[in-house]
$ cat target02.txt   # compact mmCIF, C-alpha atoms
# COMPACT_ATOMS: atom_id res chain seq x y z
CA MET A 80 50.71 103.94 130.96
CA VAL A 81 53.01 100.91 131.18
CA SER A 82 52.38 98.71 128.17
CA PHE A 83 55.14 96.20 128.63
CA SER A 84 57.30 95.05 131.49
CA SER A 85 60.04 97.11 130.14
CA LEU A 86 63.55 97.82 131.19
CA SER A 87 64.47 95.11 133.67
CA ALA A 88 67.35 95.88 135.96
CA PRO A 89 70.05 93.31 136.79
CA SER A 90 70.70 92.01 140.26
CA SER A 91 73.16 93.99 142.34
CA SER A 92 75.74 91.23 142.00
CA SER A 93 76.09 91.74 138.26
CA SER A 94 79.54 92.98 137.32
CA THR A 95 78.31 94.68 134.15
CA PRO A 96 74.89 96.14 134.94
CA SER A 97 72.61 96.85 132.01
CA PHE A 98 69.02 97.53 131.08
CA THR A 99 67.20 94.98 128.93
CA LEU A 100 64.24 96.00 126.82
CA PRO A 101 62.08 92.99 125.89
CA THR A 102 60.59 93.19 122.42
CA LYS A 103 57.83 90.59 122.41
CA THR A 104 55.92 90.36 119.17
CA SER A 105 53.64 87.86 117.56
CA THR A 106 56.49 86.78 115.30
CA GLY A 107 59.50 86.78 117.56
CA THR A 108 61.19 87.80 120.77
CA GLY A 109 64.35 89.80 121.07
CA SER A 110 66.04 92.24 123.38
CA VAL A 111 68.12 95.36 123.27
CA SER A 112 70.68 96.08 125.97
CA PHE A 113 71.61 99.53 127.18
CA PRO A 114 74.86 99.52 129.18
CA ARG A 115 74.96 101.63 132.31
CA VAL A 116 77.85 103.95 133.00
CA ARG A 117 80.24 102.43 135.47
CA GLU A 118 80.30 104.20 138.81
CA SER A 119 83.46 105.65 140.24
CA ARG A 120 85.16 103.79 143.06
CA LYS A 121 84.14 106.53 145.47
CA CYS A 122 80.49 106.26 144.46
CA GLY A 123 80.76 102.48 144.55
CA ALA A 124 81.95 102.63 148.12
CA ARG A 125 78.99 104.76 149.09
CA MET A 126 76.64 102.34 147.36
CA ALA A 127 78.20 99.41 149.20
CA THR A 128 77.68 101.19 152.51
CA VAL A 129 74.03 101.85 151.71
CA ARG A 130 73.44 98.26 150.57
CA ALA A 131 74.56 97.14 154.00
CA GLU A 132 71.43 98.80 155.40
CA ALA A 133 68.40 96.51 155.32
CA VAL A 134 66.22 97.59 152.42
CA ASP A 135 62.83 95.91 152.55
CA THR A 136 62.33 94.19 149.19
CA THR A 137 59.20 92.23 150.06
CA ILE A 138 56.31 92.07 147.61
CA SER A 139 52.63 92.32 148.50
CA PRO A 140 51.24 88.86 149.40
CA ARG A 141 48.48 89.42 146.86
CA VAL A 142 51.07 89.85 144.12
CA SER A 143 53.29 87.02 145.40
CA ALA A 144 50.32 84.67 145.28
CA LEU A 145 49.39 85.72 141.76
CA ARG A 146 50.08 83.22 139.02
CA PRO A 147 51.60 84.43 135.74
CA SER A 148 49.48 83.97 132.64
CA LYS A 149 50.10 80.46 131.30
CA THR A 150 48.94 81.64 127.90
CA MET A 151 51.74 84.15 127.72
CA ALA A 152 54.28 81.75 129.25
CA ILE A 153 53.54 79.02 126.70
CA THR A 154 53.44 81.51 123.82
CA ASP A 155 56.83 82.93 124.84
CA GLN A 156 58.34 79.43 125.02
CA ALA A 157 56.93 78.56 121.61
CA THR A 158 58.32 81.77 120.14
CA ALA A 159 61.77 81.01 121.56
CA LEU A 160 61.66 77.51 120.07
CA ARG A 161 60.65 78.84 116.66
CA GLN A 162 63.56 81.27 116.76
CA ALA A 163 65.81 78.31 117.52
CA GLY A 164 64.55 76.59 114.40
CA VAL A 165 61.95 74.26 115.93
CA PRO A 166 58.77 74.23 113.76
CA VAL A 167 56.34 74.79 116.64
CA ILE A 168 52.70 75.27 115.67
CA GLY A 169 51.21 78.03 117.79
CA LEU A 170 47.65 77.31 118.91
CA ALA A 171 47.95 78.87 122.39
CA ALA A 172 47.44 82.63 122.08
CA GLY A 173 44.15 83.96 120.78
CA GLU A 174 45.62 85.94 117.88
CA PRO A 175 43.40 86.00 114.74
CA ASP A 176 45.30 85.02 111.60
CA PHE A 177 43.51 87.64 109.52
CA ASP A 178 44.91 91.01 108.48
CA THR A 179 43.57 94.09 110.24
CA PRO A 180 40.64 95.53 108.24
CA THR A 181 41.72 98.46 106.09
CA VAL A 182 39.25 100.80 107.82
CA ILE A 183 41.14 100.26 111.11
CA ALA A 184 44.86 100.22 109.97
CA GLU A 185 46.77 103.60 110.38
CA VAL A 186 43.89 105.31 112.29
CA LEU A 187 45.40 106.32 115.65
CA THR A 188 43.30 107.90 118.40
CA PRO A 189 45.51 109.98 120.71
CA ALA A 190 44.60 109.60 124.35
CA PRO A 191 45.55 112.43 126.77
CA TYR A 192 48.08 111.30 129.31
CA TRP A 193 46.44 111.66 132.71
CA VAL A 194 48.16 110.95 136.02
CA SER A 195 45.87 110.15 138.97
CA TYR A 196 48.25 109.11 141.71
CA PRO A 197 45.76 109.12 144.64
CA GLU A 198 43.34 106.84 142.81
CA MET A 199 46.18 104.51 141.85
CA ALA A 200 47.09 104.29 145.54
CA ARG A 201 43.48 103.51 146.49
CA LEU A 202 43.26 100.91 143.75
CA ALA A 203 46.28 99.18 145.30
CA GLY A 204 44.64 99.24 148.71
CA ALA A 205 46.86 102.03 150.08
CA THR A 206 45.95 105.32 151.71
CA PRO A 207 47.11 108.41 149.83
CA VAL A 208 48.73 111.05 151.97
CA ILE A 209 48.84 114.45 150.30
CA LEU A 210 51.89 116.66 150.86
CA PRO A 211 51.03 120.26 149.97
CA THR A 212 53.61 122.40 148.16
CA SER A 213 53.74 126.14 147.56
CA ILE A 214 54.03 128.33 144.49
CA SER A 215 56.73 130.24 146.39
CA ASP A 216 58.78 127.01 146.29
CA ASN A 217 57.96 126.47 142.61
CA TYR A 218 55.67 123.64 143.71
CA LEU A 219 58.63 121.49 144.79
CA LEU A 220 58.40 119.18 147.81
CA ARG A 221 60.58 120.48 150.62
CA PRO A 222 62.42 118.02 152.90
CA GLU A 223 61.08 119.80 155.98
CA SER A 224 57.53 119.05 154.76
CA LEU A 225 58.34 115.41 153.98
CA ALA A 226 60.17 114.39 157.14
CA PRO A 227 57.31 114.90 159.66
CA VAL A 228 54.76 112.80 157.78
CA ILE A 229 56.86 109.71 157.04
CA ASN A 230 56.46 106.80 159.43
CA GLU A 231 57.03 103.06 159.43
CA ASN A 232 53.79 102.53 157.51
CA SER A 233 54.92 104.71 154.61
CA ARG A 234 55.55 102.51 151.58
CA ILE A 235 55.93 104.66 148.45
CA LEU A 236 56.88 108.26 147.73
CA ILE A 237 55.82 109.48 144.29
CA LEU A 238 57.99 112.06 142.55
CA CYS A 239 57.37 113.53 139.10
CA SER A 240 60.11 115.62 137.49
CA PRO A 241 59.61 117.47 135.19
CA SER A 242 56.17 117.76 136.70
CA ASN A 243 52.66 117.42 135.40
CA PRO A 244 50.85 119.76 136.09
CA THR A 245 53.35 122.45 137.18
CA GLY A 246 56.35 121.98 134.88
CA SER A 247 58.64 122.18 137.91
CA VAL A 248 61.99 120.39 137.80
CA TYR A 249 63.72 119.05 140.91
CA PRO A 250 67.35 120.17 141.12
CA LYS A 251 69.83 117.45 142.05
CA GLU A 252 70.64 119.07 145.39
CA LEU A 253 67.00 118.94 146.50
CA LEU A 254 66.63 115.32 145.37
CA GLU A 255 69.72 114.45 147.42
CA GLU A 256 68.08 115.96 150.50
CA ILE A 257 64.94 113.92 149.87
CA ALA A 258 67.06 110.79 149.33
CA ALA A 259 68.71 111.34 152.72
CA ILE A 260 65.28 111.15 154.34
CA VAL A 261 64.15 108.15 152.28
CA ARG A 262 67.32 106.29 153.27
CA LYS A 263 66.18 106.23 156.90
CA TYR A 264 63.13 104.07 156.14
CA PRO A 265 63.85 100.54 154.85
CA ARG A 266 60.24 99.97 153.75
CA LEU A 267 59.97 103.19 151.76
CA LEU A 268 60.22 102.97 147.96
CA VAL A 269 60.22 105.82 145.46
CA LEU A 270 58.17 105.80 142.27
CA SER A 271 59.87 108.29 139.96
CA ASP A 272 57.72 109.41 137.03
CA GLU A 273 60.19 110.73 134.43
CA ILE A 274 58.09 110.72 131.27
CA TYR A 275 58.89 114.40 130.62
CA GLU A 276 62.66 114.02 131.16
CA HIS A 277 63.60 115.28 127.68
CA ILE A 278 61.22 118.26 127.71
CA ILE A 279 63.32 120.54 129.85
CA TYR A 280 64.46 124.13 129.51
CA GLN A 281 67.96 125.37 130.25
CA PRO A 282 69.50 125.94 132.69
CA ALA A 283 67.38 123.26 134.36
CA LYS A 284 68.76 119.71 134.22
CA HIS A 285 67.06 116.38 134.70
CA THR A 286 68.32 114.08 137.45
CA SER A 287 67.00 110.54 137.63
CA PHE A 288 66.27 109.68 141.26
CA ALA A 289 67.64 106.15 140.82
CA SER A 290 71.07 107.61 139.96
CA LEU A 291 71.53 108.98 143.48
CA PRO A 292 73.67 106.93 145.91
CA GLY A 293 71.68 104.14 147.50
CA MET A 294 68.49 104.87 145.58
CA TRP A 295 68.78 102.31 142.75
CA GLU A 296 67.67 99.46 145.00
CA ARG A 297 64.52 101.27 146.09
CA THR A 298 63.43 103.26 143.04
CA LEU A 299 60.88 102.33 140.39
CA THR A 300 61.36 104.58 137.37
CA VAL A 301 58.46 104.85 134.94
CA ASN A 302 58.80 106.43 131.53
CA GLY A 303 57.31 106.26 128.07
CA PHE A 304 57.18 107.69 124.58
CA SER A 305 53.93 109.67 124.45
CA LYS A 306 55.33 113.03 125.56
CA ALA A 307 58.91 113.67 124.40
CA PHE A 308 58.42 111.72 121.17
CA ALA A 309 54.83 112.87 120.53
CA MET A 310 53.69 109.23 120.48
CA THR A 311 50.31 109.56 122.15
CA GLY A 312 48.12 106.76 120.90
CA TRP A 313 50.98 104.29 120.55
CA ARG A 314 50.41 103.24 124.17
CA LEU A 315 54.00 102.34 124.91
CA GLY A 316 55.84 102.79 128.19
CA TYR A 317 58.40 101.10 130.39
CA LEU A 318 59.53 100.45 133.94
CA ALA A 319 63.10 100.33 135.25
CA ALA A 320 63.53 98.82 138.71
CA PRO A 321 65.28 96.04 140.66
CA LYS A 322 64.55 92.72 139.00
CA HIS A 323 62.27 91.31 141.69
CA PHE A 324 59.95 94.31 141.41
CA VAL A 325 59.89 94.11 137.61
CA SER A 326 59.06 90.39 137.85
CA ALA A 327 56.18 91.12 140.21
CA CYS A 328 54.86 93.81 137.84
CA GLY A 329 55.18 91.36 134.97
CA LYS A 330 52.95 88.85 136.78
CA ILE A 331 50.23 91.46 137.24
CA GLN A 332 50.59 92.72 133.70
CA SER A 333 50.33 89.29 132.17
CA GLN A 334 46.81 88.98 133.52
CA TYR A 335 45.38 92.19 132.08
CA THR A 336 47.35 93.01 128.94
CA SER A 337 49.29 90.67 126.74
CA GLY A 338 51.79 93.06 125.25
CA ALA A 339 52.36 96.16 123.21
CA SER A 340 51.92 95.86 119.46
CA SER A 341 54.99 95.02 117.40
CA ILE A 342 54.51 98.30 115.50
CA SER A 343 54.60 100.34 118.70
CA GLN A 344 57.70 98.48 119.90
CA LYS A 345 59.54 99.08 116.64
CA ALA A 346 58.56 102.74 116.84
CA GLY A 347 59.81 102.89 120.42
CA LEU A 348 63.18 101.45 119.44
CA ALA A 349 63.42 103.99 116.62
CA ALA A 350 62.73 106.77 119.14
CA LEU A 351 65.45 105.51 121.49
CA ASN A 352 67.88 105.48 118.57
CA LEU A 353 67.35 109.18 117.81
CA GLY A 354 70.28 110.00 120.06
CA TYR A 355 70.88 111.64 123.42
CA ALA A 356 67.71 113.29 124.76
CA GLY A 357 65.90 112.46 121.54
CA GLY A 358 68.37 114.15 119.24
CA GLU A 359 67.45 116.94 116.86
CA ALA A 360 63.81 115.89 116.51
CA VAL A 361 63.08 116.31 120.22
CA SER A 362 65.30 119.39 120.45
CA THR A 363 63.14 121.08 117.82
CA MET A 364 60.00 120.30 119.80
CA VAL A 365 61.53 121.51 123.07
CA LYS A 366 62.54 124.80 121.45
CA ALA A 367 58.96 125.30 120.27
CA PHE A 368 57.57 124.42 123.71
CA GLN A 369 59.91 126.95 125.32
CA GLU A 370 58.76 129.69 122.94
CA ARG A 371 55.14 128.88 123.78
CA ARG A 372 55.91 128.86 127.50
CA ASP A 373 57.59 132.26 127.27
CA TYR A 374 54.62 133.68 125.38
CA LEU A 375 52.08 132.41 127.91
CA VAL A 376 54.10 133.45 130.96
CA ARG A 377 54.42 136.93 129.49
CA SER A 378 50.75 137.11 128.49
CA PHE A 379 49.31 135.84 131.77
CA GLY A 380 51.71 138.15 133.59
CA GLU A 381 49.76 141.04 132.06
CA LEU A 382 46.63 139.95 133.93
CA SER A 383 46.07 141.51 137.33
CA GLY A 384 46.11 139.23 140.35
CA VAL A 385 47.53 136.03 138.89
CA LYS A 386 50.56 134.24 140.31
CA ILE A 387 52.85 132.24 138.06
CA SER A 388 55.61 129.72 138.72
CA GLU A 389 57.61 129.61 135.50
CA PRO A 390 57.86 125.98 134.29
CA GLN A 391 61.31 124.48 133.82
CA GLY A 392 60.08 121.45 131.92
CA ALA A 393 57.08 119.58 130.46
CA PHE A 394 54.46 121.69 128.67
CA TYR A 395 52.12 122.89 131.39
CA LEU A 396 51.47 126.11 133.28
CA PHE A 397 49.85 125.92 136.70
CA ILE A 398 48.54 129.43 137.37
CA ASP A 399 47.14 130.70 140.67
CA PHE A 400 43.85 132.50 139.93
CA SER A 401 42.60 132.39 143.51
CA SER A 402 42.49 136.20 143.83
CA TYR A 403 39.48 136.11 141.49
CA TYR A 404 37.51 133.69 143.64
CA GLY A 405 34.42 135.40 144.97
CA SER A 406 33.89 137.49 141.85
CA GLU A 407 30.35 137.82 140.54
CA VAL A 408 29.74 137.51 136.81
CA GLU A 409 26.49 138.66 135.28
CA GLY A 410 24.73 135.83 133.57
CA PHE A 411 27.03 133.24 135.12
CA GLY A 412 27.17 133.55 138.87
CA THR A 413 29.98 133.42 141.39
CA ILE A 414 33.52 132.27 140.67
CA LYS A 415 33.91 130.13 143.78
CA ASP A 416 36.86 127.88 142.94
CA SER A 417 39.04 126.48 140.17
CA GLU A 418 36.22 124.39 138.74
CA SER A 419 33.79 127.30 138.43
CA LEU A 420 36.55 129.44 136.90
CA CYS A 421 37.22 126.78 134.27
CA MET A 422 33.51 126.46 133.56
CA PHE A 423 33.33 130.25 133.18
CA LEU A 424 36.22 130.28 130.70
CA LEU A 425 34.72 127.36 128.80
CA GLU A 426 31.36 129.13 128.54
CA LYS A 427 32.52 132.70 127.91
CA ALA A 428 35.85 132.18 126.12
CA GLN A 429 35.32 128.71 124.62
CA VAL A 430 38.71 127.67 126.02
CA ALA A 431 39.02 124.38 127.92
CA LEU A 432 41.40 124.29 130.90
CA VAL A 433 41.70 121.86 133.83
CA PRO A 434 40.72 122.95 137.36
CA GLY A 435 43.46 122.68 139.94
CA ASP A 436 41.35 120.70 142.39
CA ALA A 437 41.89 117.70 140.11
CA PHE A 438 45.58 117.96 141.04
CA GLY A 439 45.10 118.62 144.74
CA ASP A 440 45.49 122.43 144.64
CA ASP A 441 42.27 124.37 144.17
CA LYS A 442 44.08 127.71 143.85
CA GLY A 443 45.41 126.92 140.41
CA VAL A 444 44.37 126.07 136.87
CA ARG A 445 46.40 123.87 134.54
CA ILE A 446 47.06 125.05 131.01
CA SER A 447 48.65 122.79 128.41
CA TYR A 448 50.74 124.47 125.74
CA ALA A 449 51.12 121.35 123.65
CA ALA A 450 49.36 123.28 120.89
CA ALA A 451 50.43 125.48 117.98
CA MET A 452 51.43 129.06 118.76
CA SER A 453 48.57 130.38 116.62
CA THR A 454 46.12 128.34 118.70
CA LEU A 455 47.62 129.66 121.94
CA GLU A 456 47.45 133.25 120.69
CA THR A 457 43.78 132.86 119.81
CA ALA A 458 43.05 131.23 123.17
CA MET A 459 44.95 133.92 125.04
CA GLY A 460 42.95 136.67 123.37
CA LYS A 461 39.68 134.99 124.34
CA ILE A 462 40.84 134.39 127.93
CA LYS A 463 41.78 138.05 128.35
CA GLU A 464 38.40 139.18 127.02
CA ALA A 465 36.62 136.89 129.45
CA MET A 466 38.79 137.84 132.42
CA ALA A 467 38.04 141.49 131.73
CA LEU A 468 34.52 140.73 132.93
CA LEU A 469 35.93 139.88 136.36
CA ARG A 470 37.35 142.07 139.04
CA PRO A 471 39.37 140.63 141.91
CA PRO A 472 37.24 140.86 145.08
CA VAL A 473 40.32 141.50 147.20
CA ALA A 474 43.23 143.89 146.86
CA VAL A 475 46.19 142.45 144.88

$ encode --input "target02.txt" --output "structure tokens"
Amino acid sequence: MVSFSSLSAPSSSSSTPSFTLPTKTSTGTGSVSFPRVRESRKCGARMATVRAEAVDTTISPRVSALRPSKTMAITDQATALRQAGVPVIGLAAGEPDFDTPTVIAEVLTPAPYWVSYPEMARLAGATPVILPTSISDNYLLRPESLAPVINENSRILILCSPSNPTGSVYPKELLEEIAAIVRKYPRLLVLSDEIYEHIIYQPAKHTSFASLPGMWERTLTVNGFSKAFAMTGWRLGYLAAPKHFVSACGKIQSQYTSGASSISQKAGLAALNLGYAGGEAVSTMVKAFQERRDYLVRSFGELSGVKISEPQGAFYLFIDFSSYYGSEVEGFGTIKDSESLCMFLLEKAQVALVPGDAFGDDKGVRISYAAAMSTLETAMGKIKEAMALLRPPVAV
């Protein structure tokens, strides 16, 4: 998801902290600064107290030993010299000097945004530890479930709010309780996925985990433009974190991708300039998403045996259909789990949904309502017709 090294955070000694967004292009390099709100003296005192605790800021030896791409380093230096007026001839980067063929230009292929946290952990050589949540808790991680499983080997806690696939939003009070636990473990970092931060329904409010006292130094915030700004296909995202972590990520990134396109970066800057929370453009989308959510919650609520946690953000419903497991369907077979239920709905209703086992909870099915209301209405009608063929095998 991250296409460029993104918002780099200043060191804690900076008197005027800010975010810097690099804008590397084939024709120039610039930056845009976003000032952070100054903290109150009271909050500053708390932060100072927390900083006194030893926060482990070490980087994996594999990353520390990694060499940055010399191609990118030389190209960046040459770009800086050209901006300073030095007529440098660039023969370093492999960038064809031909225009993009007409058949390719303006043809964008949206890619669905898919989060696979356990596989990311395995790819990094870590062991994923799954912390179950409950629909009765709106699929939010409870501190009493977190505390017993953390130990000195725990390195990263992943939080996603608003959530994919449940649409749940962590209230500030709950995040503060989680932060109190995190604070006890110097080696523990938090990766906060906030890509749906602007798609949120009142009265819910988004709280960035890094804004909590003592959490800035140990939080890696990832975000992007594909969801709130409907920019799937532009492949643009960013990371905000302490500078040494951003630098380490930059080293890795330089070896497998050499930068977002200048068009995507310009589009990203335009999106950030739309105003608070995306301005009117995003507000219009959020209003539509909320209307679709309300329609689906109401419609699925009419089905016997389903359990629903009403989403407070994003554009997903995670519905518990487990009361139907065990049902026999003539011409299909047994509905054994979320995957067989989704296959049944695909075959009988021609509606594609995602089985919950892909998200670590086989009781549920994920439904995206990032589609027109007319499409959802048609889909809902077909789902109800198909579900009428089933009867819950247990009393509900």

$ residues_around --input "target02.txt" --residues "Ala465 (chain A)" --least-positions-apart "5" --cutoff "7 Å" --atoms "only C-alpha atoms" --output "mmCIF file with C-alpha atoms, keeping the file's coordinate frame"
data_model
loop_
_atom_site.group_PDB
_atom_site.id
_atom_site.type_symbol
_atom_site.label_atom_id
_atom_site.label_comp_id
_atom_site.auth_asym_id
_atom_site.auth_seq_id
_atom_site.Cartn_x
_atom_site.Cartn_y
_atom_site.Cartn_z
ATOM 1 C CA LEU A 424 36.220 130.280 130.700
ATOM 2 C CA LYS A 427 32.520 132.700 127.910
ATOM 3 C CA ALA A 428 35.850 132.180 126.120
#

$ atom_distance --input "target02.txt" --atom1 "CA of Phe324 (chain A)" --atom2 "CA of Pro207 (chain A)"
20.8 Å

$ atom_distance --input "target02.txt" --atom1 "CA of Gln429 (chain A)" --atom2 "CA of Thr457 (chain A)"
10.6 Å

$ closest_residue --input "target02.txt" --among "A:Val325, A:Ile278, A:Ala346, A:Met422" --to "Tyr395 (chain A)" --atoms "only C-alpha atoms"
A:Ile278

$ residues_around --input "target02.txt" --residues "Glu389 (chain A)" --least-positions-apart "4" --cutoff "9 Å" --atoms "only C-alpha atoms" --output "PyMOL selection string"
chain A and resi 217+245-247+372-373+376+396-397

$ closest_residue --input "target02.txt" --among "A:Ser419, A:Ser340, A:Asn352, A:Gln369" --to "Tyr448 (chain A)" --atoms "all atoms listed in the file"
A:Gln369

$ axis_aligned_box --input "target02.txt" --around "region 261-276 of chain A" --padding-each-side "8 Å" --output "AutoDock Vina command-line options"
--center_x 62.5 --center_y 107.2 --center_z 143.8 --size_x 25.6 --size_y 30.4 --size_z 42.3

$ residues_around --input "target02.txt" --residues "region 442-447 of chain A" --least-positions-apart "5" --cutoff "12 Å" --atoms "all atoms listed in the file" --output "ChimeraX atom specification"
/A:191-192,211-214,218,242-246,368,371-372,375-376,379,385-388,390,393-404,414-422,424,430-437,452,454-455,458-459,462

$ atom_distance --input "target02.txt" --atom1 "CA of Gln156 (chain A)" --atom2 "CA of Ile342 (chain A)"
21.5 Å

$ closest_residue --input "target02.txt" --among "A:Val165, A:Gly293, A:Gly380, A:His277" --to "Gly354 (chain A)" --atoms "all atoms listed in the file"
A:His277

$ closest_residue --input "target02.txt" --among "A:Met310, A:Leu270, A:Val228, A:Met294" --to "Glu255 (chain A)" --atoms "only C-alpha atoms"
A:Met294

$ residues_around --input "target02.txt" --residues "Leu291 (chain A)" --least-positions-apart "4" --cutoff "9 Å" --atoms "all atoms listed in the file" --output "JSON, numbers by chain"
{"A": [251, 254, 255, 258, 286, 287, 295]}

$ closest_atom_pairs --input "target02.txt" --of "region 203-278 of chain A" --to "region 296-309 of chain A" --cutoff "8 Å" --atoms "only C-alpha atoms" --output "CSV"
residue,atom,partner,partner_atom,distance
A:Leu267,CA,A:Arg297,CA,7.5
A:Leu268,CA,A:Arg297,CA,5.0
A:Val269,CA,A:Thr298,CA,4.8
A:Leu270,CA,A:Leu299,CA,4.8
A:Ser271,CA,A:Thr300,CA,4.8
A:Asp272,CA,A:Val301,CA,5.1
A:Glu273,CA,A:Asn302,CA,5.4
A:Ile274,CA,A:Asn302,CA,4.4
A:Tyr275,CA,A:Ala307,CA,6.3
A:Glu276,CA,A:Ala307,CA,7.7
A:His277,CA,A:Ala307,CA,5.9
A:Ile278,CA,A:Ala307,CA,6.1

$ closest_residue --input "target02.txt" --among "A:Val248, A:Ala356, A:Leu315, A:Leu202" --to "Ala339 (chain A)" --atoms "only C-alpha atoms"
A:Leu315

$ decode --input "target02.txt" --residues "region 199-205 of chain A" --atoms "all heavy atoms" --output "short mmCIF file (atom, residue, chain, number, x, y, z; two decimals), in the first residue's frame"
data_model
loop_
_atom_site.label_atom_id
_atom_site.label_comp_id
_atom_site.auth_asym_id
_atom_site.auth_seq_id
_atom_site.Cartn_x
_atom_site.Cartn_y
_atom_site.Cartn_z
N MET A 199 1.77 -10.57 6.28
CA MET A 199 2.81 -9.54 6.35
C MET A 199 3.78 -9.87 7.49
O MET A 199 5.00 -9.71 7.36
CB MET A 199 2.19 -8.17 6.59
CG MET A 199 1.40 -7.62 5.42
SD MET A 199 0.62 -6.04 5.84
CE MET A 199 -0.28 -5.69 4.33
N ALA A 200 3.21 -10.31 8.62
CA ALA A 200 4.05 -10.67 9.77
C ALA A 200 4.98 -11.83 9.41
O ALA A 200 6.18 -11.80 9.70
CB ALA A 200 3.18 -11.03 10.97
N ARG A 201 4.42 -12.85 8.76
CA ARG A 201 5.24 -14.01 8.37
C ARG A 201 6.31 -13.60 7.37
O ARG A 201 7.43 -14.11 7.42
CB ARG A 201 4.34 -15.10 7.77
CG ARG A 201 3.40 -15.74 8.80
CD ARG A 201 2.67 -16.93 8.21
NE ARG A 201 1.80 -17.54 9.20
CZ ARG A 201 0.50 -17.29 9.32
NH1 ARG A 201 -0.09 -16.45 8.48
NH2 ARG A 201 -0.22 -17.88 10.26
N LEU A 202 5.97 -12.72 6.47
CA LEU A 202 6.94 -12.25 5.47
C LEU A 202 8.11 -11.57 6.16
O LEU A 202 9.25 -11.64 5.68
CB LEU A 202 6.27 -11.28 4.49
CG LEU A 202 7.11 -10.81 3.30
CD1 LEU A 202 7.52 -11.99 2.43
CD2 LEU A 202 6.34 -9.80 2.48
N ALA A 203 7.84 -10.91 7.28
CA ALA A 203 8.90 -10.21 8.02
C ALA A 203 9.63 -11.14 8.98
O ALA A 203 10.52 -10.71 9.71
CB ALA A 203 8.30 -9.04 8.80
N GLY A 204 9.24 -12.41 8.98
CA GLY A 204 9.91 -13.36 9.86
C GLY A 204 9.35 -13.39 11.26
O GLY A 204 9.97 -13.94 12.17
N ALA A 205 8.16 -12.81 11.47
CA ALA A 205 7.54 -12.78 12.79
C ALA A 205 6.44 -13.83 12.89
O ALA A 205 5.99 -14.38 11.89
CB ALA A 205 6.98 -11.39 13.07
#
